[in-house]
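In what follows, a single structure is set out as structure tokens and then discussed.
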Amino acid sequence: MSQTSLVLTILGEDRPGLVDSIANTIADHGGNWVESRMAHLAGQFAGILRVEVAIEQTEALTAAIQALTAVGLESIVHTNPVIQATSDNPVVRLALTGQDRPGIVREISRVLTTLAVNVEELNTECHRAANTGQALFHADAQLRLPAGVTTDTLREALEQVAADMMVDISLE
């Protein structure tokens with residue numbers, strides 16, 4: 001039996017049981033939950049996941065996922081996404097912390113784009129500093145370096161904008 005991959009994007013008001021309803025729908029159609037990223041943001045559940053399923057079950061599973069609108073979930077299903085082989089290029093972890101202000105992600109992403117660095121994962125949050133109550137922005141990212149770009153090259157480029165934004169950056 002031939003398999004295919006589906007990438008599902010799901011959004012809805014967060015409440016207990018949402019992941020269970022998605023998991024049951026996938027299992028009921030013989031699907032295999034392969035990988036996912038899910039989060040609670042401003043009272044909303046946001047998730048993206050990849051599922052493998054028999055080609056014969058693709059339409060039925062897609063319809064069942066879309067039918068979850070009855071329980072308040074919006075969804076987008078991408079059939080047969082291109083699954084790229086993992087690159088041998090180095091992966092670097094970026095951690096950034098600084099006083100929150102508009103434009104931090106834009107400035108950092110501009111540097112990454114200039115160097116053709118791929119953002120594979122990005123997590124951000126704002127919280128209050130314990131000692132001052134000031135809003136702090138924190139970002140963690142997993143970055144894949146292209147051929148010819150070293151961690152030192154990336155660090156130098158990021159430090160140039162970090163000084164202007166008054167944020168601390170570390171690369172591992």
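Scheme for the structure tokens: letters A, B, ... for chains in order shown; per-chain residue numbers from 1; ligand numbers from 1 in order shown.
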
Problem set entry | Non-local contacts of Leu49 of chain A (10 Å; only C-alpha atoms; under 4 positions in same chain excluded) as an MDAnalysis selection string | chainID A and resid 6:10 33:38 77

Could you take the residues named above and write them with C-alpha atoms, as an mmCIF file, in the first residue's frame?
data_model
loop_
_atom_site.group_PDB
_atom_site.id
_atom_site.type_symbol
_atom_site.label_atom_id
_atom_site.label_comp_id
_atom_site.auth_asym_id
_atom_site.auth_seq_id
_atom_site.Cartn_x
_atom_site.Cartn_y
_atom_site.Cartn_z
ATOM 1 C CA LEU A 6 -0.006 15.497 4.334
ATOM 2 C CA VAL A 7 0.951 18.712 6.086
ATOM 3 C CA LEU A 8 -1.887 20.034 8.236
ATOM 4 C CA THR A 9 -2.202 23.541 9.632
ATOM 5 C CA ILE A 10 -4.820 23.815 12.372
ATOM 6 C CA TRP A 33 1.419 11.303 13.089
ATOM 7 C CA VAL A 34 5.061 11.885 12.083
ATOM 8 C CA GLU A 35 6.063 15.333 13.349
ATOM 9 C CA SER A 36 4.439 18.472 14.691
ATOM 10 C CA ARG A 37 4.800 21.891 16.273
ATOM 11 C CA MET A 38 1.953 23.167 18.407
ATOM 12 C CA VAL A 77 -4.324 20.426 4.283
#

Problem set entry | Residues of chain A in strand (DSSP E), written as an MDAnalysis selection string | chainID A and resid 3:13 32:41 44:54 73:79 91:99 118:128 135:144 167:171

Problem set entry | For segment 65-72 of chain A: contacts at 9 Å, only C-alpha atoms, fewer than 5 positions along chain excluded, given as a list in words |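 Close residues of segment 65-72 of chain A: Leu8, Ile10, Leu11, Gly12, Glu13, Leu18, Ser21, Ile22, Thr25, Ile26, Ala60 and Val77 of chain A.
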
Exercise. Could you name the residues that touch segment 154-169 of chain A at 6 Å or less, counting only C-alpha atoms, but leaving out those on the same chain fewer than 2 positions away, as a PyMOL selection string?
Worked result: chain A and resi 95-98+151-152

For this session: DSSP on the backbone, then: every residue of chain A marked alpha helix (DSSP H), written as number ranges by chain.
Result: A: 18-28, 58-66, 104-114, 151-165

Exercise. Pick the closest to Glu74 of chain A from A:Ile55, A:Ser109, A:Thr114, A:Asp14: which is it, counting only C-alpha atoms?
Worked result: A:Asp14

Exercise. What separation in Å, quoted to one decimal, exists between atom CA of Gly31 of chain A and atom CA of Glu121 of chain A?
Worked result: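 Calculated distance between atom CA of Gly31 of chain A and atom CA of Glu121 of chain A is 24.8 Å.
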
For this session: Determine, counting only C-alpha atoms, which protein, DNA and RNA residues have an atom within 10 Å of an atom of Leu112 of chain A; residues of the same chain fewer than 3 positions away are not included. Present the result as a PyMOL selection string.
Result: chain A and resi 106-109+115-119+143-145+154+157-158

For this session: Kindly give the distance, in Å, that separates atom CA of Asn123 of chain A and atom CA of His40 of chain A, rounded to a single decimal.
Result: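 Calculated distance between atom CA of Asn123 of chain A and atom CA of His40 of chain A is 12.1 Å.
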
For this session: For atom CA of Glu125 of chain A and atom CA of Pro102 of chain A, quote the distance in Å rounded to one decimal.
Result: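 Separation of atom CA of Glu125 of chain A and atom CA of Pro102 of chain A: 13.0 Å.
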
Exercise. With distances taken over only C-alpha atoms, which of A:Ser2, A:Thr124, A:Ser75, A:Ser87 is nearest to Glu52 of chain A?
Worked result: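 The answer is A:Ser2, which sits nearest to Glu52 of chain A.
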